[in-house]
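Structure data (mmCIF, C-alpha atoms and all ligand atoms) from coords.cif:
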```cif
data_data
#
loop_
_atom_site.label_atom_id
_atom_site.label_comp_id
_atom_site.auth_asym_id
_atom_site.auth_seq_id
_atom_site.Cartn_x
_atom_site.Cartn_y
_atom_site.Cartn_z
CA MET A 1 23.21 -5.77 -18.03
CA THR A 2 21.25 -3.36 -15.87
CA LEU A 3 17.64 -2.90 -16.97
CA ARG A 4 16.80 0.68 -18.07
CA VAL A 5 13.55 2.55 -18.61
CA ASN A 6 12.43 3.52 -22.12
CA GLY A 7 13.46 7.19 -22.02
CA ASP A 8 11.49 8.31 -25.10
CA ARG A 9 8.27 6.78 -23.77
CA LEU A 10 8.82 8.27 -20.33
CA ARG A 11 9.48 11.73 -21.79
CA GLN A 12 6.34 11.49 -23.95
CA ASP A 13 4.20 10.42 -20.98
CA LEU A 14 5.46 13.30 -18.88
CA ALA A 15 4.72 15.74 -21.71
CA ASP A 16 1.25 14.27 -22.34
CA LEU A 17 0.31 14.48 -18.68
CA ALA A 18 1.63 18.07 -18.48
CA GLY A 19 -0.80 18.96 -21.27
CA ILE A 20 -3.81 17.91 -19.18
CA GLY A 21 -5.03 20.88 -17.19
CA ALA A 22 -2.40 23.20 -18.73
CA LEU A 23 -3.47 26.80 -18.10
CA GLU A 24 -3.12 29.68 -20.52
CA SER A 25 -1.47 31.71 -17.80
CA GLY A 26 1.20 28.99 -17.46
CA GLY A 27 1.25 26.22 -14.91
CA ILE A 28 -1.16 23.34 -14.47
CA GLY A 29 -4.57 23.26 -12.78
CA ARG A 30 -5.36 19.65 -12.00
CA THR A 31 -6.72 19.80 -8.49
CA ALA A 32 -8.25 16.60 -7.13
CA PHE A 33 -11.73 15.63 -8.38
CA SER A 34 -11.70 18.42 -11.00
CA PRO A 35 -12.53 17.76 -14.67
CA ALA A 36 -8.78 17.92 -15.45
CA ASP A 37 -8.11 15.25 -12.80
CA ALA A 38 -10.75 13.07 -14.51
CA ARG A 39 -9.10 13.61 -17.91
CA ALA A 40 -5.69 12.72 -16.46
CA ARG A 41 -7.16 9.50 -15.02
CA GLU A 42 -8.72 8.68 -18.38
CA TRP A 43 -5.28 9.15 -19.96
CA TYR A 44 -3.62 6.99 -17.28
CA TRP A 45 -6.22 4.28 -17.76
CA SER A 46 -5.63 4.27 -21.54
CA ARG A 47 -1.86 3.93 -20.97
CA CYS A 48 -2.50 0.98 -18.65
CA VAL A 49 -4.79 -0.70 -21.19
CA ALA A 50 -2.19 -0.20 -23.94
CA ALA A 51 0.39 -1.91 -21.72
CA GLY A 52 -1.91 -4.83 -20.84
CA LEU A 53 -2.21 -3.82 -17.18
CA ASP A 54 -5.28 -4.34 -15.01
CA LEU A 55 -6.46 -1.21 -13.18
CA ARG A 56 -8.34 -1.35 -9.87
CA LEU A 57 -10.05 1.58 -8.14
CA ASP A 58 -11.10 1.99 -4.54
CA GLY A 59 -13.79 4.12 -2.91
CA LEU A 60 -11.59 7.22 -2.77
CA GLY A 61 -10.33 6.83 -6.32
CA ASN A 62 -6.89 5.41 -5.54
CA MET A 63 -5.79 3.56 -8.69
CA VAL A 64 -3.61 0.43 -8.67
CA ALA A 65 -2.32 -1.01 -11.95
CA GLN A 66 -0.69 -4.40 -12.29
CA ALA A 67 0.49 -6.83 -14.94
CA PRO A 68 -0.81 -10.40 -14.58
CA HIS A 69 1.48 -12.37 -12.25
CA PRO A 70 1.31 -16.01 -11.12
CA ALA A 71 2.48 -15.47 -7.53
CA ASP A 72 0.01 -14.56 -4.83
CA LEU A 73 2.58 -12.74 -2.69
CA PRO A 74 2.24 -9.18 -1.33
CA PRO A 75 3.26 -6.90 -4.21
CA VAL A 76 5.79 -4.10 -4.37
CA TRP A 77 4.02 -0.79 -4.92
CA THR A 78 5.45 2.30 -6.54
CA GLY A 79 3.65 5.49 -7.49
CA SER A 80 2.68 9.02 -6.63
CA HIS A 81 -0.16 11.45 -7.41
CA ILE A 82 -1.73 12.91 -10.51
CA ASP A 83 -3.38 15.96 -8.87
CA THR A 84 -1.66 19.34 -8.56
CA VAL A 85 -1.99 22.41 -6.36
CA PRO A 86 -3.85 25.31 -8.05
CA HIS A 87 -1.41 26.70 -10.67
CA GLY A 88 1.05 23.90 -9.98
CA GLY A 89 3.93 22.52 -12.00
CA ALA A 90 4.55 19.58 -14.32
CA PHE A 91 6.64 17.39 -12.00
CA ASP A 92 5.19 17.27 -8.48
CA GLY A 93 3.39 13.92 -8.43
CA ALA A 94 3.43 13.54 -12.23
CA LEU A 95 7.06 12.41 -12.18
CA GLY A 96 6.48 9.55 -9.73
CA THR A 97 3.26 8.58 -11.51
CA VAL A 98 4.70 8.22 -15.00
CA ALA A 99 7.98 6.69 -13.74
CA ALA A 100 6.05 4.04 -11.78
CA LEU A 101 3.94 3.24 -14.83
CA GLU A 102 7.09 2.98 -16.93
CA CYS A 103 8.69 0.60 -14.41
CA VAL A 104 5.70 -1.76 -14.37
CA ARG A 105 5.44 -1.63 -18.14
CA ARG A 106 9.17 -2.20 -18.64
CA LEU A 107 9.24 -5.16 -16.27
CA ALA A 108 6.21 -6.68 -18.03
CA GLU A 109 7.55 -6.27 -21.57
CA THR A 110 11.04 -7.56 -20.79
CA GLY A 111 9.57 -10.57 -19.00
CA VAL A 112 12.24 -10.40 -16.32
CA PRO A 113 11.34 -13.05 -13.71
CA LEU A 114 9.86 -11.51 -10.53
CA ARG A 115 9.16 -13.28 -7.28
CA ARG A 116 6.25 -10.96 -6.52
CA PRO A 117 4.05 -8.56 -8.53
CA VAL A 118 4.87 -4.86 -8.96
CA CYS A 119 1.99 -2.36 -8.96
CA SER A 120 1.86 1.23 -10.19
CA VAL A 121 -0.27 3.38 -7.88
CA VAL A 122 -1.94 6.78 -8.19
CA PHE A 123 -3.13 8.22 -4.88
CA SER A 124 -6.15 10.52 -4.77
CA ASP A 125 -5.95 14.14 -3.64
CA GLU A 126 -2.39 14.15 -2.36
CA GLU A 127 -2.40 17.94 -2.36
CA GLY A 128 -5.34 18.12 0.02
CA ASN A 129 -8.07 19.73 -2.03
CA TYR A 130 -10.34 18.00 0.51
CA GLY A 131 -7.82 16.41 2.89
CA HIS A 132 -4.04 16.33 2.84
CA LEU A 133 -2.78 12.96 1.51
CA LEU A 134 -6.42 11.93 1.33
CA GLY A 135 -6.11 8.73 -0.70
CA SER A 136 -3.08 7.26 1.02
CA ARG A 137 -4.56 8.08 4.42
CA GLY A 138 -7.64 6.16 3.33
CA LEU A 139 -5.39 3.16 2.66
CA SER A 140 -3.36 3.38 5.87
CA HIS A 141 -5.88 4.68 8.44
CA GLY A 142 -9.28 4.70 6.73
CA TYR A 143 -12.05 7.25 7.28
CA THR A 144 -15.33 6.98 9.14
CA ALA A 145 -18.51 8.19 7.48
CA ASP A 146 -18.49 11.22 9.82
CA GLN A 147 -14.93 12.09 8.86
CA ILE A 148 -15.73 11.84 5.16
CA ALA A 149 -18.86 13.97 5.65
CA ALA A 150 -16.81 16.70 7.36
CA LEU A 151 -14.23 17.09 4.56
CA THR A 152 -14.69 20.25 2.50
CA GLY A 153 -12.76 21.97 -0.28
CA ARG A 154 -11.53 25.53 -0.71
CA GLU A 155 -14.99 26.87 -1.55
CA GLY A 156 -16.69 24.98 1.25
CA ASP A 157 -17.77 22.32 -1.28
CA ARG A 158 -18.13 18.86 0.23
CA LEU A 159 -16.07 15.78 -0.65
CA VAL A 160 -19.20 13.62 -0.54
CA ASP A 161 -20.73 15.75 -3.31
CA ALA A 162 -17.54 15.56 -5.38
CA LEU A 163 -17.51 11.77 -4.98
CA ALA A 164 -21.20 11.44 -5.84
CA GLY A 165 -20.60 12.46 -9.45
CA TRP A 166 -17.14 10.91 -9.73
CA THR A 167 -16.75 7.85 -11.95
CA TRP A 168 -13.08 7.28 -11.02
CA ALA A 169 -13.89 5.64 -7.69
CA ASP A 170 -15.41 2.28 -6.93
CA GLY A 171 -17.04 1.29 -3.65
CA SER A 172 -17.37 3.08 -0.35
CA PRO A 173 -14.92 5.82 0.74
CA THR A 174 -15.06 4.30 4.24
CA ARG A 175 -13.76 0.92 3.03
CA THR A 176 -10.39 1.80 1.60
CA ARG A 177 -8.14 0.69 4.45
CA ILE A 178 -5.79 -2.18 3.62
CA PRO A 179 -3.95 -4.35 6.17
CA ALA A 180 -0.34 -3.69 7.11
CA GLY A 181 1.79 -6.30 5.36
CA SER A 182 -0.50 -6.58 2.33
CA VAL A 183 2.11 -4.53 0.45
CA HIS A 184 5.68 -5.89 0.53
CA ALA A 185 7.39 -2.49 0.09
CA PHE A 186 6.61 0.96 -1.31
CA VAL A 187 8.93 3.32 -3.23
CA GLU A 188 8.12 6.80 -4.54
CA LEU A 189 10.17 8.88 -6.97
CA HIS A 190 9.68 12.65 -6.54
CA ILE A 191 11.37 15.94 -7.27
CA GLU A 192 13.15 17.36 -4.24
CA GLN A 193 11.11 20.61 -4.27
CA GLY A 194 14.04 22.29 -2.53
CA PRO A 195 17.55 23.49 -3.48
CA LYS A 196 19.90 21.00 -1.78
CA LEU A 197 20.62 18.46 -4.53
CA GLU A 198 21.17 21.12 -7.18
CA ALA A 199 23.45 23.13 -4.89
CA ALA A 200 25.49 20.04 -3.99
CA GLY A 201 25.63 18.82 -7.60
CA VAL A 202 24.34 15.39 -6.48
CA ASP A 203 22.18 13.18 -8.74
CA ILE A 204 19.98 11.34 -6.25
CA GLY A 205 18.54 12.11 -2.80
CA VAL A 206 17.80 9.17 -0.51
CA VAL A 207 15.04 10.40 1.78
CA THR A 208 15.63 9.69 5.46
CA SER A 209 12.36 11.03 6.92
CA ILE A 210 9.28 13.07 6.06
CA VAL A 211 8.14 16.16 7.92
CA GLY A 212 5.13 16.13 10.29
CA LEU A 213 2.15 18.15 9.11
CA GLY A 214 -0.54 19.99 11.03
CA GLY A 215 -3.40 22.06 9.74
CA ALA A 216 -6.22 24.12 11.16
CA VAL A 217 -8.92 26.56 10.16
CA VAL A 218 -8.92 29.48 12.60
CA GLU A 219 -12.19 31.36 12.46
CA PHE A 220 -12.35 34.89 13.87
CA ALA A 221 -15.92 36.16 14.28
CA GLY A 222 -16.71 39.85 14.79
CA ARG A 223 -19.66 41.95 13.63
CA ALA A 224 -20.69 43.25 10.21
CA ASP A 225 -21.14 47.04 10.14
CA HIS A 226 -21.23 49.93 7.72
CA ALA A 227 -17.73 50.84 6.46
CA GLY A 228 -18.54 54.55 6.31
CA THR A 229 -20.61 55.23 9.39
CA THR A 230 -19.09 52.97 12.06
CA PRO A 231 -16.28 54.75 13.95
CA MET A 232 -13.06 52.74 14.17
CA SER A 233 -13.39 52.50 17.95
CA LEU A 234 -16.80 50.81 17.74
CA ARG A 235 -15.90 48.05 15.30
CA SER A 236 -15.43 44.37 15.83
CA ASP A 237 -13.43 43.63 12.67
CA ALA A 238 -12.72 39.92 12.20
CA LEU A 239 -10.17 40.44 9.42
CA LEU A 240 -8.10 42.92 11.42
CA ALA A 241 -7.97 40.36 14.24
CA ALA A 242 -6.92 37.63 11.77
CA SER A 243 -4.23 39.95 10.38
CA ALA A 244 -2.80 40.67 13.85
CA PHE A 245 -2.74 36.91 14.43
CA LEU A 246 -0.96 36.10 11.15
CA ILE A 247 1.70 38.74 11.71
CA GLU A 248 2.80 36.96 14.89
CA LEU A 249 3.16 33.48 13.38
CA PRO A 250 6.77 33.75 12.12
CA GLU A 251 7.83 34.52 15.70
CA VAL A 252 5.94 31.51 17.02
CA ALA A 253 7.68 29.24 14.50
CA ALA A 254 11.11 30.72 15.27
CA ALA A 255 10.57 30.14 19.00
CA VAL A 256 9.77 26.45 18.47
CA GLY A 257 12.72 25.45 16.29
CA PRO A 258 14.77 26.14 13.17
CA ASP A 259 12.75 23.70 11.05
CA SER A 260 9.30 24.88 12.16
CA VAL A 261 7.27 26.52 9.41
CA VAL A 262 3.78 27.94 9.27
CA THR A 263 1.85 29.14 6.22
CA CYS A 264 -1.51 30.72 5.55
CA GLY A 265 -2.35 30.37 1.86
CA LEU A 266 -6.10 30.68 2.12
CA ILE A 267 -8.37 33.29 3.76
CA GLN A 268 -12.12 33.48 3.56
CA VAL A 269 -13.82 36.77 4.48
CA GLU A 270 -17.55 37.22 5.02
CA PRO A 271 -19.82 38.79 4.07
CA GLY A 272 -17.17 39.87 1.55
CA GLY A 273 -18.15 43.40 0.53
CA ALA A 274 -15.64 46.24 0.14
CA ASN A 275 -17.93 48.55 2.16
CA VAL A 276 -18.78 46.10 4.94
CA VAL A 277 -16.73 45.60 8.11
CA PRO A 278 -15.77 41.89 7.98
CA ALA A 279 -17.90 39.75 10.30
CA LEU A 280 -15.88 36.61 9.75
CA ALA A 281 -12.32 35.79 8.72
CA ALA A 282 -11.38 32.13 8.43
CA VAL A 283 -7.67 31.53 7.89
CA THR A 284 -6.46 28.11 6.81
CA LEU A 285 -3.07 27.20 8.26
CA ASP A 286 -0.44 24.65 7.31
CA PHE A 287 2.27 24.10 9.92
CA ARG A 288 5.12 21.61 9.98
CA ASP A 289 8.06 20.30 11.94
CA PRO A 290 10.16 17.15 11.49
CA ASP A 291 10.08 16.50 15.25
CA PRO A 292 6.81 15.18 16.77
CA ALA A 293 7.20 17.02 20.10
CA ARG A 294 7.97 20.29 18.32
CA LEU A 295 4.96 19.84 16.05
CA VAL A 296 2.77 19.70 19.16
CA MET A 297 4.52 22.77 20.63
CA LEU A 298 3.99 24.62 17.37
CA GLU A 299 0.28 23.84 17.32
CA ARG A 300 -0.10 24.93 20.97
CA GLY A 301 1.83 28.13 20.33
CA ILE A 302 -0.31 29.05 17.32
CA ALA A 303 -3.57 28.29 19.13
CA GLY A 304 -2.40 30.37 22.12
CA VAL A 305 -1.72 33.41 19.94
CA ALA A 306 -5.17 33.05 18.34
CA ARG A 307 -6.84 33.17 21.78
CA ARG A 308 -4.75 36.11 23.00
CA ILE A 309 -5.44 38.16 19.85
CA ALA A 310 -9.15 37.38 20.02
CA ASP A 311 -9.28 38.52 23.67
CA ALA A 312 -7.32 41.67 22.93
CA THR A 313 -9.45 42.66 19.94
CA GLY A 314 -12.86 41.67 21.32
CA VAL A 315 -13.73 39.11 18.65
CA SER A 316 -14.39 35.43 19.21
CA VAL A 317 -12.24 32.66 17.80
CA THR A 318 -12.85 29.02 16.92
CA TRP A 319 -9.93 26.65 16.39
CA ARG A 320 -10.74 23.77 14.00
CA PRO A 321 -7.70 21.48 13.71
CA ASP A 322 -7.11 18.77 11.10
CA GLU A 323 -5.93 15.37 12.16
CA PRO A 324 -2.12 15.79 12.27
CA ILE A 325 0.07 13.67 10.01
CA ALA A 326 3.02 12.33 11.99
CA PRO A 327 6.64 12.83 10.93
CA MET A 328 7.86 9.56 9.48
CA PRO A 329 11.33 8.00 9.26
CA LEU A 330 11.70 5.88 6.13
CA ALA A 331 12.86 2.25 6.15
CA GLU A 332 16.62 1.77 6.29
CA PRO A 333 16.55 -1.48 4.24
CA VAL A 334 14.72 0.28 1.39
CA ARG A 335 17.08 3.25 1.64
CA ASP A 336 19.96 0.79 1.29
CA VAL A 337 18.48 -0.67 -1.88
CA ILE A 338 18.09 2.85 -3.30
CA ARG A 339 21.72 3.74 -2.46
CA HIS A 340 22.95 0.50 -3.99
CA SER A 341 20.84 1.05 -7.14
CA ALA A 342 22.19 4.59 -7.57
CA SER A 343 25.79 3.42 -7.10
CA GLU A 344 25.35 0.59 -9.61
CA LEU A 345 24.14 3.16 -12.15
CA GLY A 346 27.20 5.32 -11.44
CA LEU A 347 25.12 8.08 -9.81
CA SER A 348 26.08 10.18 -6.81
CA HIS A 349 23.66 10.18 -3.87
CA VAL A 350 23.13 11.81 -0.53
CA ASP A 351 20.77 11.26 2.40
CA LEU A 352 18.31 14.09 3.10
CA PRO A 353 15.02 14.70 4.91
CA SER A 354 11.84 15.85 3.16
CA GLY A 355 10.18 19.12 4.17
CA ALA A 356 7.26 18.32 1.88
CA GLY A 357 4.56 15.85 2.79
CA HIS A 358 4.14 12.71 0.68
CA ASP A 359 1.85 9.70 0.40
CA SER A 360 4.94 7.72 1.41
CA GLN A 361 4.43 8.81 5.02
CA ASN A 362 1.07 7.04 5.08
CA MET A 363 2.36 4.06 3.11
CA ALA A 364 5.11 3.69 5.73
CA HIS A 365 2.39 2.52 8.15
CA LEU A 366 1.66 -0.37 5.78
CA ALA A 367 5.03 -1.45 4.39
CA PRO A 368 8.77 -0.66 4.46
CA THR A 369 8.90 2.55 2.43
CA GLY A 370 11.56 4.58 0.65
CA MET A 371 11.70 7.76 -1.44
CA ILE A 372 14.04 8.81 -4.22
CA PHE A 373 14.55 12.54 -4.88
CA ILE A 374 15.98 14.17 -8.00
CA PRO A 375 17.05 17.84 -8.25
CA SER A 376 14.59 20.72 -8.67
CA LYS A 377 15.82 23.72 -10.65
CA ASP A 378 16.38 26.61 -8.22
CA GLY A 379 14.51 24.52 -5.64
CA ARG A 380 11.18 25.81 -7.01
CA SER A 381 7.93 23.86 -6.58
CA HIS A 382 4.17 24.36 -6.09
CA SER A 383 4.54 26.89 -8.87
CA PRO A 384 4.64 26.88 -12.68
CA ALA A 385 8.41 27.46 -12.30
CA GLU A 386 8.86 23.83 -11.23
CA TYR A 387 11.47 22.26 -13.54
CA THR A 388 13.85 19.31 -13.72
CA ASP A 389 16.06 18.39 -16.70
CA PHE A 390 14.96 15.24 -18.46
CA ALA A 391 18.43 13.73 -17.91
CA ASP A 392 17.72 13.88 -14.16
CA VAL A 393 14.22 12.47 -14.69
CA GLU A 394 15.66 9.49 -16.55
CA ARG A 395 18.34 8.94 -13.90
CA GLY A 396 15.71 8.94 -11.17
CA ALA A 397 13.45 6.59 -13.11
CA ASN A 398 16.33 4.16 -13.62
CA VAL A 399 17.11 4.18 -9.91
CA LEU A 400 13.41 3.54 -9.26
CA LEU A 401 13.35 0.64 -11.73
CA SER A 402 16.43 -0.95 -10.23
CA THR A 403 15.09 -0.49 -6.69
CA VAL A 404 11.72 -1.98 -7.54
CA LEU A 405 13.35 -4.89 -9.35
CA THR A 406 15.52 -5.70 -6.33
CA LEU A 407 12.52 -5.49 -3.98
CA ALA A 408 10.38 -7.66 -6.27
CA THR A 409 12.98 -10.36 -6.62
CA SER A 410 13.81 -10.60 -2.90
O1 LIG B 501 2.08 20.00 0.80
C1 LIG B 501 2.96 19.17 0.61
O2 LIG B 501 3.99 19.11 1.25
C2 LIG B 501 2.81 18.20 -0.51
O3 LIG B 501 3.28 18.78 -1.67
N1 LIG B 501 1.50 17.73 -0.66
MN MN B 502 2.86 19.04 -3.81
MN MN B 503 3.99 15.59 -4.46
#
```
Could you spell out this file's structure in structure tokens?
Ligand code: HGY
Ligand code: MN
Ligand code: MN
Amino acid sequence: MTLRVNGDRLRQDLADLAGIGALESGGIGRTAFSPADARAREWYWSRCVAAGLDLRLDGLGNMVAQAPHPADLPPVWTGSHIDTVPHGGAFDGALGTVAALECVRRLAETGVPLRRPVCSVVFSDEEGNYGHLLGSRGLSHGYTADQIAALTGREGDRLVDALAGWTWADGSPTRTRIPAGSVHAFVELHIEQGPKLEAAGVDIGVVTSIVGLGGAVVEFAGRADHAGTTPMSLRSDALLAASAFLIELPEVAAAVGPDSVVTCGLIQVEPGGANVVPALAAVTLDFRDPDPARLVMLERGIAGVARRIADATGVSVTWRPDEPIAPMPLAEPVRDVIRHSASELGLSHVDLPSGAGHDSQNMAHLAPTGMIFIPSKDGRSHSPAEYTDFADVERGANVLLSTVLTLATS
């Protein structure tokens, strides 16, 4: 008989986690290293203790839970993230976190013989409050002290300060890297965050590859002046320059390719008075393409527009790029196990790429990695409107359990 997750327990965990950081206005505010993130970790820890799992932390707060196991073989990891975007939803990250916990717990309580351990993982700051896919990048690439010191949040607050008062980390944030091969395989369950599965009426998405991600802060610097007395022709308005720049970005993306996207979701204006001509406008960009060469073209195109607009408007511009995160194909053997698991459970499945970034793309540097998608209602995500029927959640969790079991017994 095929092993199944405990649906009632999974549903309760998902509901409990959704209550942590729930906002009166709707949605969930559980950004990384916030008090709500700490409460969610406390909750996760208590669930691990109740299930008899050991929980380890690293210097960036990545959490790895495991049941005692006699074999000293590289473990199978499964997991996701507990943090949300500001005003996020109840499924992005939470789904893969509670499903992974349920898998480890279910395997432990049924005593099914495993060749290797299975660990449930929570990655820190997937949503990039301080750095996109921060925790998993710490595991796959590591950070130098200078890199850690340079990471700042939305308000200019520093990661090092957030970590200084943070009890959910252990050790140095520069010593989180683990060797390739120390994990046997990694699998993440996630909502699709797009409309394809729902539109096709398919139960399970088998992720083929994950999009490449670039980011940059583009800082336009002009001159502060009086809003009433400075004629329009004598101004050096940083925000007007930034606006002219932003308006051109859809054209840049369209010229690079059909899958290129660019977003500005964050602007900082200084000195920030309604009656002061802006002296500084810093726009934070997120740009993506599934193709590595196109991602480079996109970045060059955007930087070129920034320089041209700055020249034309007489302001100066500084381009401060993030380290890009490469597009990542996922491992065919793991994809095969996912397909087989779905078929065994009588579920329909389809291959599809991910336009969202995931910790899986860092884990793929360390171990053969696969991702399982389930449908998102109306394709909505990064919003309180995020929703997936529990029947789909349970289907996805059962595919995850079966996949993990196969990987842990092989
Ligand atoms: O931004 C992303 O694609 C992911 O949700 N962190
Ligand atoms: Mn997200
Ligand atoms: Mn996510």
So which residues touch A:Ala22 within 12 Å, counting all atoms listed in the file, skipping near sequence neighbours fewer than 4 positions away, as an NGL selection string?
:A and (15-18 or 26-31 or 36-37 or 39-40 or 84 or 86-90 or 384)
Give me a file of those residues, with C-alpha atoms, as a compact mmCIF listing (two decimals), keeping the file's coordinate frame.
```txt
# COMPACT_ATOMS: atom_id res chain seq x y z
CA ALA A 15 4.72 15.74 -21.71
CA ASP A 16 1.25 14.27 -22.34
CA LEU A 17 0.31 14.48 -18.68
CA ALA A 18 1.63 18.07 -18.48
CA GLY A 26 1.20 28.99 -17.46
CA GLY A 27 1.25 26.22 -14.91
CA ILE A 28 -1.16 23.34 -14.47
CA GLY A 29 -4.57 23.26 -12.78
CA ARG A 30 -5.36 19.65 -12.00
CA THR A 31 -6.72 19.80 -8.49
CA ALA A 36 -8.78 17.92 -15.45
CA ASP A 37 -8.11 15.25 -12.80
CA ARG A 39 -9.10 13.61 -17.91
CA ALA A 40 -5.69 12.72 -16.46
CA THR A 84 -1.66 19.34 -8.56
CA PRO A 86 -3.85 25.31 -8.05
CA HIS A 87 -1.41 26.70 -10.67
CA GLY A 88 1.05 23.90 -9.98
CA GLY A 89 3.93 22.52 -12.00
CA ALA A 90 4.55 19.58 -14.32
CA PRO A 384 4.64 26.88 -12.68
```
Using Å and a single decimal, report how far atom CA of A:Ala162 sits from atom CA of A:Ser182.
29.0 Å
Can you work out which one of A:Pro375, A:Gly194, A:Gly346, A:Gly181 has the shortest atom-to-atom distance to ligand MN 502 (chain B), counting all atoms listed in the file?
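The answer is A:Gly194, which sits nearest to ligand MN 502 (chain B).
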Nearest to ligand LIG 501 (chain B): which of A:Phe287, A:Trp166, A:Trp43, A:Tyr143 is it, counting all atoms listed in the file?
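Ranking A:Phe287, A:Trp166, A:Trp43, A:Tyr143 by distance to ligand LIG 501 (chain B), first place goes to A:Phe287.
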Exercise: residues within 7 Å of coordinate (-7.3, 38.8, 15.3), counting all atoms listed in the file, as a list of chain:residue names
A:Phe220, A:Ala238, A:Leu239, A:Leu240, A:Ala241, A:Ala242, A:Ser243, A:Ala244, A:Phe245, A:Ala306, A:Ile309, A:Ala310, A:Thr313
Using all atoms listed in the file for the distances, tell me which of A:Thr284, A:Thr388, A:Ser383, A:Ser343 is nearest to ligand MN 502 (chain B).
A:Ser383
File output, stretch 314-327 of chain A (N, CA, C and O atoms) as a short mmCIF file (atom, residue, chain, number, x, y, z; two decimals), in the first residue's frame:
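Result saved to result06.cif:
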```cif
data_model
loop_
_atom_site.label_atom_id
_atom_site.label_comp_id
_atom_site.auth_asym_id
_atom_site.auth_seq_id
_atom_site.Cartn_x
_atom_site.Cartn_y
_atom_site.Cartn_z
N GLY A 314 20.64 65.36 -17.00
CA GLY A 314 21.63 66.11 -16.22
C GLY A 314 21.74 65.68 -14.76
O GLY A 314 22.16 66.46 -13.90
N VAL A 315 21.35 64.44 -14.46
CA VAL A 315 21.58 63.93 -13.10
C VAL A 315 22.70 62.89 -13.21
O VAL A 315 23.08 62.48 -14.30
N SER A 316 23.21 62.44 -12.07
CA SER A 316 24.19 61.36 -12.13
C SER A 316 23.51 60.05 -11.75
O SER A 316 22.43 60.05 -11.12
N VAL A 317 24.12 58.95 -12.17
CA VAL A 317 23.51 57.66 -11.84
C VAL A 317 24.58 56.68 -11.36
O VAL A 317 25.71 56.69 -11.87
N THR A 318 24.21 55.88 -10.38
CA THR A 318 25.09 54.81 -9.90
C THR A 318 24.33 53.49 -10.02
O THR A 318 23.16 53.40 -9.63
N TRP A 319 25.00 52.52 -10.60
CA TRP A 319 24.39 51.20 -10.84
C TRP A 319 24.99 50.24 -9.82
O TRP A 319 26.18 49.99 -9.83
N ARG A 320 24.16 49.70 -8.92
CA ARG A 320 24.68 48.79 -7.89
C ARG A 320 24.01 47.43 -8.04
O ARG A 320 22.93 47.19 -7.51
N PRO A 321 24.66 46.53 -8.82
CA PRO A 321 24.02 45.23 -9.10
C PRO A 321 24.17 44.24 -7.95
O PRO A 321 25.15 44.28 -7.21
N ASP A 322 23.19 43.34 -7.84
CA ASP A 322 23.33 42.17 -6.95
C ASP A 322 24.08 41.10 -7.72
O ASP A 322 24.12 41.12 -8.95
N GLU A 323 24.58 40.15 -6.98
CA GLU A 323 25.15 38.95 -7.61
C GLU A 323 23.99 38.23 -8.32
O GLU A 323 22.98 37.92 -7.69
N PRO A 324 24.10 37.97 -9.65
CA PRO A 324 22.97 37.29 -10.31
C PRO A 324 22.83 35.84 -9.84
O PRO A 324 23.80 35.23 -9.40
N ILE A 325 21.62 35.33 -9.93
CA ILE A 325 21.36 33.92 -9.60
C ILE A 325 21.06 33.22 -10.92
O ILE A 325 20.12 33.60 -11.63
N ALA A 326 21.88 32.26 -11.28
CA ALA A 326 21.81 31.65 -12.61
C ALA A 326 20.52 30.85 -12.80
O ALA A 326 20.02 30.24 -11.85
N PRO A 327 20.01 30.84 -14.06
CA PRO A 327 18.91 29.92 -14.36
C PRO A 327 19.39 28.49 -14.10
O PRO A 327 20.58 28.22 -14.25
#
```
